[in-house]
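Visitor: work.pdb is the file, holding PDB, C-alpha atoms:
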```pdb
ATOM      1  CA  MET A1382      90.375 158.424 -64.919
ATOM      2  CA  SER A1383      92.424 156.615 -67.557
ATOM      3  CA  LEU A1384      93.041 157.398 -71.222
ATOM      4  CA  THR A1385      93.907 155.203 -74.160
ATOM      5  CA  ASP A1386      96.912 156.150 -76.271
ATOM      6  CA  ALA A1387      94.616 157.207 -79.123
ATOM      7  CA  GLN A1388      92.532 159.436 -76.845
ATOM      8  CA  ARG A1389      95.653 161.076 -75.398
ATOM      9  CA  VAL A1390      97.007 161.847 -78.866
ATOM     10  CA  VAL A1391      93.724 163.486 -79.913
ATOM     11  CA  LEU A1392      93.427 165.534 -76.698
ATOM     12  CA  GLU A1393      97.029 166.751 -76.854
ATOM     13  CA  GLY A1394      96.489 167.700 -80.490
ATOM     14  CA  TRP A1395      93.426 169.775 -79.573
ATOM     15  CA  VAL A1396      95.428 171.582 -76.883
ATOM     16  CA  ARG A1397      98.397 172.391 -79.154
ATOM     17  CA  ARG A1398      96.566 173.247 -82.381
ATOM     18  CA  ARG A1399      96.152 177.016 -82.857
ATOM     19  CA  SER A1400      92.916 176.642 -84.779
ATOM     20  CA  THR A1401      91.183 174.718 -81.990
ATOM     21  CA  ALA A1402      88.315 176.540 -80.306
ATOM     22  CA  GLN A1403      89.327 177.873 -76.898
ATOM     23  CA  ALA A1404      86.456 176.060 -75.178
ATOM     24  CA  LEU A1405      87.467 172.685 -76.644
ATOM     25  CA  ALA A1406      91.126 173.245 -75.739
ATOM     26  CA  LEU A1407      90.131 174.036 -72.143
ATOM     27  CA  ARG A1408      88.019 170.891 -71.837
ATOM     28  CA  SER A1409      90.885 168.811 -73.246
ATOM     29  CA  ARG A1410      93.272 170.228 -70.630
ATOM     30  CA  ILE A1411      90.782 169.360 -67.863
ATOM     31  CA  VAL A1412      90.644 165.729 -69.007
ATOM     32  CA  LEU A1413      94.437 165.476 -69.419
ATOM     33  CA  GLU A1414      95.063 166.941 -65.957
ATOM     34  CA  SER A1415      92.479 164.578 -64.456
ATOM     35  CA  ALA A1416      94.145 161.617 -66.159
ATOM     36  CA  GLU A1417      97.378 162.514 -64.375
ATOM     37  CA  GLY A1418      95.677 161.657 -61.085
ATOM     38  CA  HIS A1419      95.093 165.182 -59.800
ATOM     39  CA  SER A1420      92.078 165.905 -57.643
ATOM     40  CA  ILE A1421      89.194 168.072 -58.783
ATOM     41  CA  ALA A1422      90.409 170.957 -56.630
ATOM     42  CA  GLU A1423      93.953 170.645 -58.023
ATOM     43  CA  VAL A1424      92.716 170.522 -61.632
ATOM     44  CA  SER A1425      90.525 173.540 -60.935
ATOM     45  CA  ARG A1426      93.546 175.461 -59.668
ATOM     46  CA  ARG A1427      95.836 174.407 -62.539
ATOM     47  CA  VAL A1428      93.364 175.171 -65.329
ATOM     48  CA  GLY A1429      91.823 178.275 -63.753
ATOM     49  CA  VAL A1430      88.149 177.265 -63.675
ATOM     50  CA  VAL A1431      85.680 176.507 -60.888
ATOM     51  CA  ALA A1432      85.360 172.968 -59.530
ATOM     52  CA  ASP A1433      81.857 172.477 -60.969
ATOM     53  CA  THR A1434      83.247 172.985 -64.484
ATOM     54  CA  VAL A1435      85.850 170.276 -63.874
ATOM     55  CA  ARG A1436      83.178 167.880 -62.592
ATOM     56  CA  THR A1437      80.940 168.541 -65.610
ATOM     57  CA  TRP A1438      83.572 167.736 -68.240
ATOM     58  CA  ARG A1439      85.003 164.788 -66.331
ATOM     59  CA  ARG A1440      81.495 163.300 -66.244
ATOM     60  CA  ARG A1441      80.824 164.071 -69.927
ATOM     61  CA  PHE A1442      84.090 162.412 -70.922
ATOM     62  CA  LEU A1443      83.467 159.325 -68.804
ATOM     63  CA  GLU A1444      79.970 158.944 -70.275
ATOM     64  CA  ARG A1445      80.611 159.680 -73.958
ATOM     65  CA  GLY A1446      84.362 159.814 -74.516
ATOM     66  CA  LEU A1447      85.848 162.395 -76.884
ATOM     67  CA  GLU A1448      82.450 163.224 -78.351
ATOM     68  CA  GLY A1449      81.292 164.367 -74.942
ATOM     69  CA  LEU A1450      83.739 167.290 -75.047
ATOM     70  CA  CYS A1451      82.100 168.781 -78.148
ATOM     71  CA  ASP A1452      79.163 171.163 -77.934
ATOM     72  CA  GLU A1453      75.753 169.583 -78.138
ATOM     73  CA  PRO A1454      73.348 170.670 -80.903
ATOM     74  CA  ARG A1455      71.683 173.945 -80.100
ATOM     75  CA  PRO A1456      67.894 174.069 -79.727
ATOM     76  CA  GLY A1457      65.924 175.710 -82.499
ATOM     77  CA  VAL A1458      64.563 175.183 -85.998
ATOM     78  CA  PRO A1459      66.684 172.786 -88.099
ATOM     79  CA  ARG A1460      68.687 174.263 -90.959
ATOM     80  CA  LYS A1461      66.765 174.768 -94.172
ATOM     81  CA  ILE A1462      69.845 175.636 -96.252
ATOM     82  CA  THR A1463      72.161 172.660 -96.576
ATOM     83  CA  ASP A1464      75.890 172.675 -97.230
ATOM     84  CA  ALA A1465      75.125 171.582-100.784
ATOM     85  CA  ASP A1466      72.945 174.682-101.263
ATOM     86  CA  VAL A1467      75.730 176.929 -99.979
ATOM     87  CA  GLU A1468      78.234 175.242-102.306
ATOM     88  CA  ARG A1469      75.880 175.683-105.243
ATOM     89  CA  VAL A1470      75.574 179.435-104.579
ATOM     90  CA  ILE A1471      79.334 179.869-104.198
ATOM     91  CA  VAL A1472      80.148 177.932-107.373
ATOM     92  CA  LYS A1473      77.504 179.791-109.352
ATOM     93  CA  THR A1474      78.777 183.145-108.071
ATOM     94  CA  LEU A1475      82.396 182.424-108.958
ATOM     95  CA  GLU A1476      82.014 180.520-112.221
ATOM     96  CA  GLU A1477      78.894 181.854-113.917
ATOM     97  CA  THR A1478      77.296 185.172-114.855
ATOM     98  CA  PRO A1479      73.622 185.941-115.443
ATOM     99  CA  HIS A1480      72.518 185.938-119.069
ATOM    100  CA  ASN A1481      71.392 189.593-118.977
ATOM    101  CA  ALA A1482      74.076 191.216-116.802
ATOM    102  CA  THR A1483      77.810 191.296-116.162
ATOM    103  CA  HIS A1484      77.555 190.281-112.498
ATOM    104  CA  TRP A1485      75.140 188.780-110.000
ATOM    105  CA  SER A1486      72.954 190.697-107.587
ATOM    106  CA  THR A1487      71.288 189.201-104.544
ATOM    107  CA  ARG A1488      67.931 189.302-106.330
ATOM    108  CA  SER A1489      69.155 187.677-109.550
ATOM    109  CA  MET A1490      71.023 184.966-107.633
ATOM    110  CA  ALA A1491      67.962 184.325-105.464
ATOM    111  CA  ALA A1492      65.816 183.922-108.593
ATOM    112  CA  ALA A1493      68.370 181.575-110.188
ATOM    113  CA  THR A1494      68.774 179.331-107.123
ATOM    114  CA  GLY A1495      65.273 179.474-105.654
ATOM    115  CA  MET A1496      66.543 180.831-102.345
ATOM    116  CA  SER A1497      65.674 184.030-100.536
ATOM    117  CA  GLN A1498      67.554 187.266-101.069
ATOM    118  CA  SER A1499      68.517 187.449 -97.399
ATOM    119  CA  ALA A1500      69.980 183.928 -97.573
ATOM    120  CA  ILE A1501      72.127 184.918-100.550
ATOM    121  CA  SER A1502      73.315 187.995 -98.649
ATOM    122  CA  ARG A1503      74.301 185.895 -95.630
ATOM    123  CA  ILE A1504      76.207 183.397 -97.763
ATOM    124  CA  TRP A1505      78.075 186.122 -99.645
ATOM    125  CA  ARG A1506      78.998 187.892 -96.413
ATOM    126  CA  ALA A1507      80.231 184.643 -94.871
ATOM    127  CA  PHE A1508      82.559 183.993 -97.815
ATOM    128  CA  ALA A1509      83.492 187.676 -98.398
ATOM    129  CA  LEU A1510      81.994 187.766-101.890
ATOM    130  CA  ALA A1511      80.897 191.070-103.404
ATOM    131  CA  PRO A1512      80.014 190.689-107.108
ATOM    132  CA  HIS A1513      78.994 194.362-107.347
ATOM    133  CA  ARG A1514      82.550 195.491-106.571
ATOM    134  CA  ALA A1515      85.463 195.589-109.005
ATOM    135  CA  GLN A1516      89.020 196.866-108.838
ATOM    136  CA  THR A1517      91.398 197.940-111.574
ATOM    137  CA  PHE A1518      95.031 197.000-112.016
ATOM    138  CA  LYS A1519      97.831 197.205-114.539
ATOM    139  CA  LEU A1520     100.854 194.967-114.743
ATOM    140  CA  SER A1521     104.144 196.664-115.501
ATOM    141  CA  THR A1522     105.860 195.492-118.698
ATOM    142  CA  ASP A1523     109.193 197.023-117.735
ATOM    143  CA  PRO A1524     111.945 194.426-118.441
ATOM    144  CA  LEU A1525     113.936 195.827-115.494
ATOM    145  CA  PHE A1526     110.966 195.801-113.115
ATOM    146  CA  ILE A1527     112.614 193.715-110.372
ATOM    147  CA  ASP A1528     115.878 195.652-110.469
ATOM    148  CA  LYS A1529     114.097 199.002-110.249
ATOM    149  CA  VAL A1530     111.836 197.894-107.409
ATOM    150  CA  ARG A1531     114.832 196.670-105.414
ATOM    151  CA  ASP A1532     116.635 199.920-106.114
ATOM    152  CA  VAL A1533     113.757 202.163-104.981
ATOM    153  CA  VAL A1534     112.651 200.099-101.993
ATOM    154  CA  GLY A1535     116.281 199.734-100.946
ATOM    155  CA  LEU A1536     116.517 203.514-100.711
ATOM    156  CA  TYR A1537     113.441 203.555 -98.471
ATOM    157  CA  LEU A1538     114.580 200.802 -96.123
ATOM    158  CA  ASP A1539     118.342 201.332 -96.113
ATOM    159  CA  PRO A1540     119.272 204.826 -97.378
ATOM    160  CA  PRO A1541     122.985 205.532 -97.988
ATOM    161  CA  GLU A1542     125.020 207.506 -95.467
ATOM    162  CA  LYS A1543     125.702 211.208 -95.995
ATOM    163  CA  ALA A1544     122.902 211.379 -98.545
ATOM    164  CA  LEU A1545     119.366 212.724 -98.809
ATOM    165  CA  VAL A1546     116.629 210.626-100.438
ATOM    166  CA  LEU A1547     113.922 212.709-102.101
ATOM    167  CA  CYS A1548     110.774 211.469-103.841
ATOM    168  CA  VAL A1549     110.147 213.882-106.699
ATOM    169  CA  ASP A1550     107.136 214.259-108.958
ATOM    170  CA  GLU A1551     104.797 216.818-110.496
ATOM    171  CA  LYS A1552     101.102 217.216-109.830
ATOM    172  CA  SER A1553     100.173 218.762-113.124
ATOM    173  CA  SER A1554      97.065 220.592-114.277
ATOM    174  CA  ILE A1555      95.685 221.413-110.839
ATOM    175  CA  GLN A1556      92.459 223.235-111.677
ATOM    176  CA  ALA A1557      91.243 226.379-109.978
ATOM    177  CA  LEU A1558      87.529 225.620-109.741
ATOM    178  CA  ASP A1559      84.760 227.940-108.621
ATOM    179  CA  ARG A1560      81.297 226.528-107.998
ATOM    180  CA  SER A1561      78.512 227.946-110.097
ATOM    181  CA  GLN A1562      76.483 228.601-106.944
ATOM    182  CA  PRO A1563      77.503 229.292-103.334
ATOM    183  CA  VAL A1564      78.426 226.315-101.173
ATOM    184  CA  LEU A1565      75.794 225.542 -98.531
ATOM    185  CA  PRO A1566      77.475 224.830 -95.172
ATOM    186  CA  MET A1567      76.869 221.755 -93.058
ATOM    187  CA  ILE A1568      74.020 221.895 -90.554
ATOM    188  CA  PRO A1569      72.815 219.248 -88.088
ATOM    189  CA  GLY A1570      71.361 216.387 -90.096
ATOM    190  CA  THR A1571      72.527 217.726 -93.482
ATOM    191  CA  PRO A1572      76.051 217.504 -94.953
ATOM    192  CA  GLU A1573      77.777 220.305 -96.830
ATOM    193  CA  ARG A1574      76.230 220.768-100.275
ATOM    194  CA  ARG A1575      77.874 221.971-103.461
ATOM    195  CA  SER A1576      76.628 222.372-106.998
ATOM    196  CA  HIS A1577      77.757 219.596-109.315
ATOM    197  CA  ASP A1578      78.925 222.030-112.005
ATOM    198  CA  TYR A1579      81.810 224.475-111.737
ATOM    199  CA  ILE A1580      83.679 227.253-113.519
ATOM    200  CA  ARG A1581      87.314 226.729-114.520
ATOM    201  CA  ALA A1582      89.666 229.606-113.801
ATOM    202  CA  GLY A1583      92.941 228.067-115.037
ATOM    203  CA  THR A1584      95.535 225.513-113.984
ATOM    204  CA  THR A1585      98.877 225.305-112.238
ATOM    205  CA  THR A1586     101.512 222.617-111.668
ATOM    206  CA  LEU A1587     103.130 221.693-108.359
ATOM    207  CA  PHE A1588     106.670 220.298-108.370
ATOM    208  CA  ALA A1589     107.320 218.545-105.045
ATOM    209  CA  ALA A1590     110.216 216.714-103.406
ATOM    210  CA  LEU A1591     109.347 214.643-100.319
ATOM    211  CA  GLU A1592     112.197 213.956 -97.922
ATOM    212  CA  VAL A1593     111.773 210.289 -97.021
ATOM    213  CA  ALA A1594     113.434 210.485 -93.604
ATOM    214  CA  THR A1595     111.558 213.468 -92.151
ATOM    215  CA  GLY A1596     108.481 213.985 -94.332
ATOM    216  CA  LYS A1597     109.406 217.575 -95.193
ATOM    217  CA  VAL A1598     108.432 218.731 -98.672
ATOM    218  CA  ILE A1599     110.127 221.210-100.981
ATOM    219  CA  GLY A1600     107.530 222.581-103.392
ATOM    220  CA  SER A1601     107.514 224.903-106.347
ATOM    221  CA  LEU A1602     104.581 226.116-108.444
ATOM    222  CA  HIS A1603     104.767 226.769-112.180
ATOM    223  CA  ARG A1604     102.136 227.561-114.765
ATOM    224  CA  ARG A1605     103.695 225.197-117.320
ATOM    225  CA  HIS A1606     105.040 221.677-117.140
ATOM    226  CA  ARG A1607     108.187 221.382-119.251
ATOM    227  CA  ALA A1608     111.806 220.366-118.895
ATOM    228  CA  ILE A1609     112.635 224.043-118.327
ATOM    229  CA  GLU A1610     110.482 224.154-115.198
ATOM    230  CA  PHE A1611     111.880 220.818-114.012
ATOM    231  CA  ARG A1612     115.440 222.129-114.380
ATOM    232  CA  LYS A1613     114.495 225.187-112.335
ATOM    233  CA  PHE A1614     113.166 222.870-109.645
ATOM    234  CA  LEU A1615     116.396 220.848-109.657
ATOM    235  CA  THR A1616     118.333 224.089-109.259
ATOM    236  CA  ARG A1617     116.212 224.956-106.231
ATOM    237  CA  LEU A1618     116.887 221.535-104.719
ATOM    238  CA  ASP A1619     120.598 222.022-105.274
ATOM    239  CA  ARG A1620     120.372 225.357-103.490
ATOM    240  CA  GLU A1621     118.359 224.106-100.486
ATOM    241  CA  VAL A1622     120.066 220.757 -99.829
ATOM    242  CA  PRO A1623     123.327 221.102 -97.825
ATOM    243  CA  PRO A1624     126.317 220.877-100.189
ATOM    244  CA  ASP A1625     128.006 218.054 -98.247
ATOM    245  CA  LEU A1626     125.156 215.609 -98.976
ATOM    246  CA  ASP A1627     124.573 213.464-102.024
ATOM    247  CA  VAL A1628     121.035 213.685-103.400
ATOM    248  CA  HIS A1629     119.131 210.596-104.535
ATOM    249  CA  LEU A1630     115.966 211.431-106.464
ATOM    250  CA  ILE A1631     113.179 208.872-106.999
ATOM    251  CA  LEU A1632     111.311 209.776-110.198
ATOM    252  CA  ASP A1633     108.839 208.357-112.674
ATOM    253  CA  ASN A1634     109.514 207.934-116.379
ATOM    254  CA  TYR A1635     107.992 211.196-117.598
ATOM    255  CA  ALA A1636     109.767 212.511-120.687
ATOM    256  CA  THR A1637     110.748 215.852-119.102
ATOM    257  CA  HIS A1638     112.984 213.960-116.655
ATOM    258  CA  LYS A1639     115.164 212.562-119.437
ATOM    259  CA  THR A1640     115.675 215.391-121.931
ATOM    260  CA  PRO A1641     119.209 216.281-123.134
ATOM    261  CA  ASP A1642     118.990 219.548-121.197
ATOM    262  CA  ILE A1643     118.338 217.657-117.940
ATOM    263  CA  LYS A1644     121.113 215.158-118.649
ATOM    264  CA  LYS A1645     123.523 218.044-119.244
ATOM    265  CA  TRP A1646     122.479 219.628-115.931
ATOM    266  CA  LEU A1647     123.080 216.338-114.115
ATOM    267  CA  LEU A1648     126.579 216.057-115.565
ATOM    268  CA  ALA A1649     127.349 219.466-114.098
ATOM    269  CA  HIS A1650     125.952 218.394-110.709
ATOM    270  CA  PRO A1651     127.424 214.936-110.019
ATOM    271  CA  ARG A1652     126.013 214.687-106.478
ATOM    272  CA  PHE A1653     122.525 214.179-107.940
ATOM    273  CA  HIS A1654     121.585 210.543-108.613
ATOM    274  CA  LEU A1655     118.321 209.630-110.354
ATOM    275  CA  HIS A1656     116.397 206.419-109.612
ATOM    276  CA  PHE A1657     113.441 205.720-111.881
ATOM    277  CA  THR A1658     110.372 203.722-110.854
ATOM    278  CA  PRO A1659     109.315 200.911-113.222
ATOM    279  CA  THR A1660     106.972 201.706-116.077
ATOM    280  CA  SER A1661     103.339 201.855-114.886
ATOM    281  CA  ALA A1662     104.482 201.663-111.246
ATOM    282  CA  SER A1663     104.515 205.257-110.076
ATOM    283  CA  TRP A1664     102.778 204.025-106.886
ATOM    284  CA  LEU A1665     106.283 203.208-105.663
ATOM    285  CA  ASN A1666     106.960 206.922-105.354
ATOM    286  CA  LEU A1667     105.985 208.027-101.834
ATOM    287  CA  VAL A1668     105.333 211.601-102.940
ATOM    288  CA  GLU A1669     102.203 210.273-104.651
ATOM    289  CA  ARG A1670     100.858 209.510-101.168
ATOM    290  CA  TRP A1671     101.585 213.097-100.152
ATOM    291  CA  PHE A1672      99.744 214.358-103.231
ATOM    292  CA  ALA A1673      96.750 212.291-102.083
ATOM    293  CA  GLU A1674      96.849 214.100 -98.718
ATOM    294  CA  LEU A1675      96.914 217.461-100.479
ATOM    295  CA  THR A1676      94.031 216.480-102.742
ATOM    296  CA  GLN A1677      91.783 215.088-100.019
ATOM    297  CA  LYS A1678      92.390 217.782 -97.419
ATOM    298  CA  LYS A1679      92.701 220.927 -99.543
ATOM    299  CA  LEU A1680      91.917 220.636-103.230
ATOM    300  CA  LYS A1681      88.959 218.270-103.578
ATOM    301  CA  ARG A1682      86.447 220.496-101.806
ATOM    302  CA  GLY A1683      88.242 223.790-102.298
ATOM    303  CA  VAL A1684      86.726 226.767-104.102
ATOM    304  CA  HIS A1685      89.140 229.034-105.996
ATOM    305  CA  ARG A1686      88.107 231.884-108.240
ATOM    306  CA  SER A1687      91.593 232.394-109.684
ATOM    307  CA  VAL A1688      94.868 230.551-110.152
ATOM    308  CA  GLN A1689      96.504 233.022-107.759
ATOM    309  CA  ALA A1690      94.058 232.031-105.010
ATOM    310  CA  LEU A1691      94.711 228.344-105.716
ATOM    311  CA  GLU A1692      98.477 228.789-105.550
ATOM    312  CA  HIS A1693      98.178 230.789-102.330
ATOM    313  CA  ASP A1694      96.208 227.983-100.682
ATOM    314  CA  ILE A1695      98.719 225.344-101.854
ATOM    315  CA  ARG A1696     101.671 227.361-100.515
ATOM    316  CA  THR A1697      99.877 227.878 -97.191
ATOM    317  CA  TRP A1698      99.080 224.187 -96.876
ATOM    318  CA  LEU A1699     102.676 223.288 -97.754
ATOM    319  CA  THR A1700     104.001 225.666 -95.086
ATOM    320  CA  ASP A1701     101.666 224.194 -92.470
ATOM    321  CA  TRP A1702     102.751 220.676 -93.415
ATOM    322  CA  ASN A1703     106.445 221.505 -93.016
ATOM    323  CA  GLU A1704     105.855 222.939 -89.546
ATOM    324  CA  HIS A1705     104.806 219.474 -88.370
ATOM    325  CA  PRO A1706     106.018 217.021 -91.051
ATOM    326  CA  ARG A1707     105.029 213.370 -90.842
ATOM    327  CA  PRO A1708     107.162 210.822 -92.721
ATOM    328  CA  PHE A1709     105.440 207.949 -94.481
ATOM    329  CA  ILE A1710     106.655 204.593 -93.210
ATOM    330  CA  TRP A1711     107.405 202.072 -95.964
ATOM    331  CA  THR A1712     106.291 198.628 -94.762
TER     332      THR A1712
END
```
Just give me the structure as structure tokens.

Guide:
Amino acid sequence: MSLTDAQRVVLEGWVRRRSTAQALALRSRIVLESAEGHSIAEVSRRVGVVADTVRTWRRRFLERGLEGLCDEPRPGVPRKITDADVERVIVKTLEETPHNATHWSTRSMAAATGMSQSAISRIWRAFALAPHRAQTFKLSTDPLFIDKVRDVVGLYLDPPEKALVLCVDEKSSIQALDRSQPVLPMIPGTPERRSHDYIRAGTTTLFAALEVATGKVIGSLHRRHRAIEFRKFLTRLDREVPPDLDVHLILDNYATHKTPDIKKWLLAHPRFHLHFTPTSASWLNLVERWFAELTQKKLKRGVHRSVQALEHDIRTWLTDWNEHPRPFIWT
């Protein structure tokens, strides 16, 4: 078997290219090995296929050249939806909206294009289009956005020596909610059921400091959310963190973090260093992820008839967390 220079270039390209189908790359290797003068048995051993497979693709290549290595058309009904039809649906989905709605549905797109609803669904799935879905976002207008991001992320990835990095924030106005009717427990075939309405019994605020390295959390509950309570929380941190360590606090831009009283306290405690997240970018603070854990696993479906019961459950959950802390890995 002999190859022209052009055929060899194409076959070697199919073998090297990452996007080439594995079947086509295998067939190309069979032809290249055969062109080197190896026997069918030797090619079979080198490529790792049976001898009949080698014979088949050698014959296909000799009969039809490079085209013989490609898959033949499959039997079945010819396509009714052309590439032009698919392009028309995609362009219409991305660049137009229906005259009586804000977004397309499979039914409205099918009516507008004259295609079936199932065809529209297949096309949208193939191109990962979901007009019924929408996400929200907000761009930070902080002029020091880049500097603050580098500062905060730098603390996550390369914390300073002889220092403790704490992510600090408040989960304010946690409501003690009691359902208006008893919760019906889960039974086989039926999920847990709760009444949609509830009775408010009051609120509390959780001040939390997440230790980045270990995942441990220092928490404190207060009925109000002022600079006075924040200063009390800082005093507790100063008491619980070993005195030989500097303390780097990652905070958001809430006003209680920047009052004159807090600034005066910081001057008296020089080992505390504050690092503020950019405006509208509190997602940089890892303690927000811990608050999400607390909400999903304890508060969202909890029933509390008093603020005292709510605070007891939060303290219990916090204690359980610190027995087996799990740090969040910043990637």

Visitor: In Å, with one decimal, what is the gap from CA of Thr1463 (chain A) to CA of Cys1451 (chain A)?

Guide: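 CA of Cys1451 (chain A) lies 21.3 Å from CA of Thr1463 (chain A).
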
Visitor: Would you mind listing what lies within 12 Å of Ser1601 (chain A) as a PyMOL selection string, with all atoms listed in the file counted and same-chain residues fewer than 2 positions away left out?

Guide: chain A and resi 1549-1553+1585-1590+1598-1599+1603-1606+1610-1618+1692-1693+1695-1696+1699-1700

Visitor: Choose the residue, out of A:Ala1511, A:Leu1647, A:Leu1545, A:Ile1555, that has the smallest atom-to-atom separation from Asp1625 (chain A); count only C-alpha atoms.

Guide: A:Leu1545

Visitor: CA of Ser1420 (chain A) and CA of Ala1387 (chain A), how far apart in Å?

Guide: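 CA of Ala1387 (chain A) sits 23.3 Å away from CA of Ser1420 (chain A).
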
Visitor: One decimal, Å: what's the distance from CA of Ser1409 (chain A) over to CA of Leu1384 (chain A), could you say?

Guide: 11.8 Å

Visitor: Which of these residues is nearest to Thr1660 (chain A), using all atoms listed in the file: A:Leu1547, A:Ile1527, A:Val1622, A:Val1430?

Guide: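 Using all atoms listed in the file, the shortest distance to Thr1660 (chain A) belongs to A:Ile1527.
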
Visitor: Output region 1647-1663 of chain A with N, CA and C atoms present, as a tab-separated table (two decimals), in the coordinates of the input.

Guide:
```
chain	number	residue	atom	x	y	z
A	1647	LEU	N	122.62	217.36	-115.05
A	1647	LEU	CA	123.08	216.34	-114.12
A	1647	LEU	C	124.58	216.11	-114.21
A	1648	LEU	N	125.14	216.21	-115.42
A	1648	LEU	CA	126.58	216.06	-115.56
A	1648	LEU	C	127.32	217.17	-114.83
A	1649	ALA	N	126.72	218.34	-114.79
A	1649	ALA	CA	127.35	219.47	-114.10
A	1649	ALA	C	127.12	219.41	-112.59
A	1650	HIS	N	126.25	218.53	-112.13
A	1650	HIS	CA	125.95	218.39	-110.71
A	1650	HIS	C	126.05	216.91	-110.34
A	1651	PRO	N	127.24	216.39	-110.21
A	1651	PRO	CA	127.42	214.94	-110.02
A	1651	PRO	C	126.89	214.38	-108.70
A	1652	ARG	N	126.54	215.22	-107.74
A	1652	ARG	CA	126.01	214.69	-106.48
A	1652	ARG	C	124.56	214.26	-106.60
A	1653	PHE	N	123.91	214.59	-107.70
A	1653	PHE	CA	122.52	214.18	-107.94
A	1653	PHE	C	122.51	212.81	-108.63
A	1654	HIS	N	121.73	211.89	-108.06
A	1654	HIS	CA	121.58	210.54	-108.61
A	1654	HIS	C	120.11	210.27	-108.82
A	1655	LEU	N	119.73	209.86	-110.03
A	1655	LEU	CA	118.32	209.63	-110.35
A	1655	LEU	C	118.02	208.14	-110.31
A	1656	HIS	N	116.87	207.80	-109.68
A	1656	HIS	CA	116.40	206.42	-109.61
A	1656	HIS	C	114.96	206.41	-110.14
A	1657	PHE	N	114.75	205.69	-111.22
A	1657	PHE	CA	113.44	205.72	-111.88
A	1657	PHE	C	112.59	204.52	-111.43
A	1658	THR	N	111.31	204.80	-111.16
A	1658	THR	CA	110.37	203.72	-110.85
A	1658	THR	C	110.08	202.94	-112.13
A	1659	PRO	N	109.65	201.68	-112.02
A	1659	PRO	CA	109.32	200.91	-113.22
A	1659	PRO	C	108.16	201.55	-114.00
A	1660	THR	N	108.08	201.23	-115.25
A	1660	THR	CA	106.97	201.71	-116.08
A	1660	THR	C	105.64	201.23	-115.49
A	1661	SER	N	104.68	202.14	-115.44
A	1661	SER	CA	103.34	201.86	-114.89
A	1661	SER	C	103.39	201.46	-113.42
A	1662	ALA	N	104.36	201.98	-112.67
A	1662	ALA	CA	104.48	201.66	-111.25
A	1662	ALA	C	104.85	202.91	-110.47
A	1663	SER	N	104.22	204.02	-110.80
A	1663	SER	CA	104.52	205.26	-110.08
A	1663	SER	C	104.03	205.20	-108.63
```
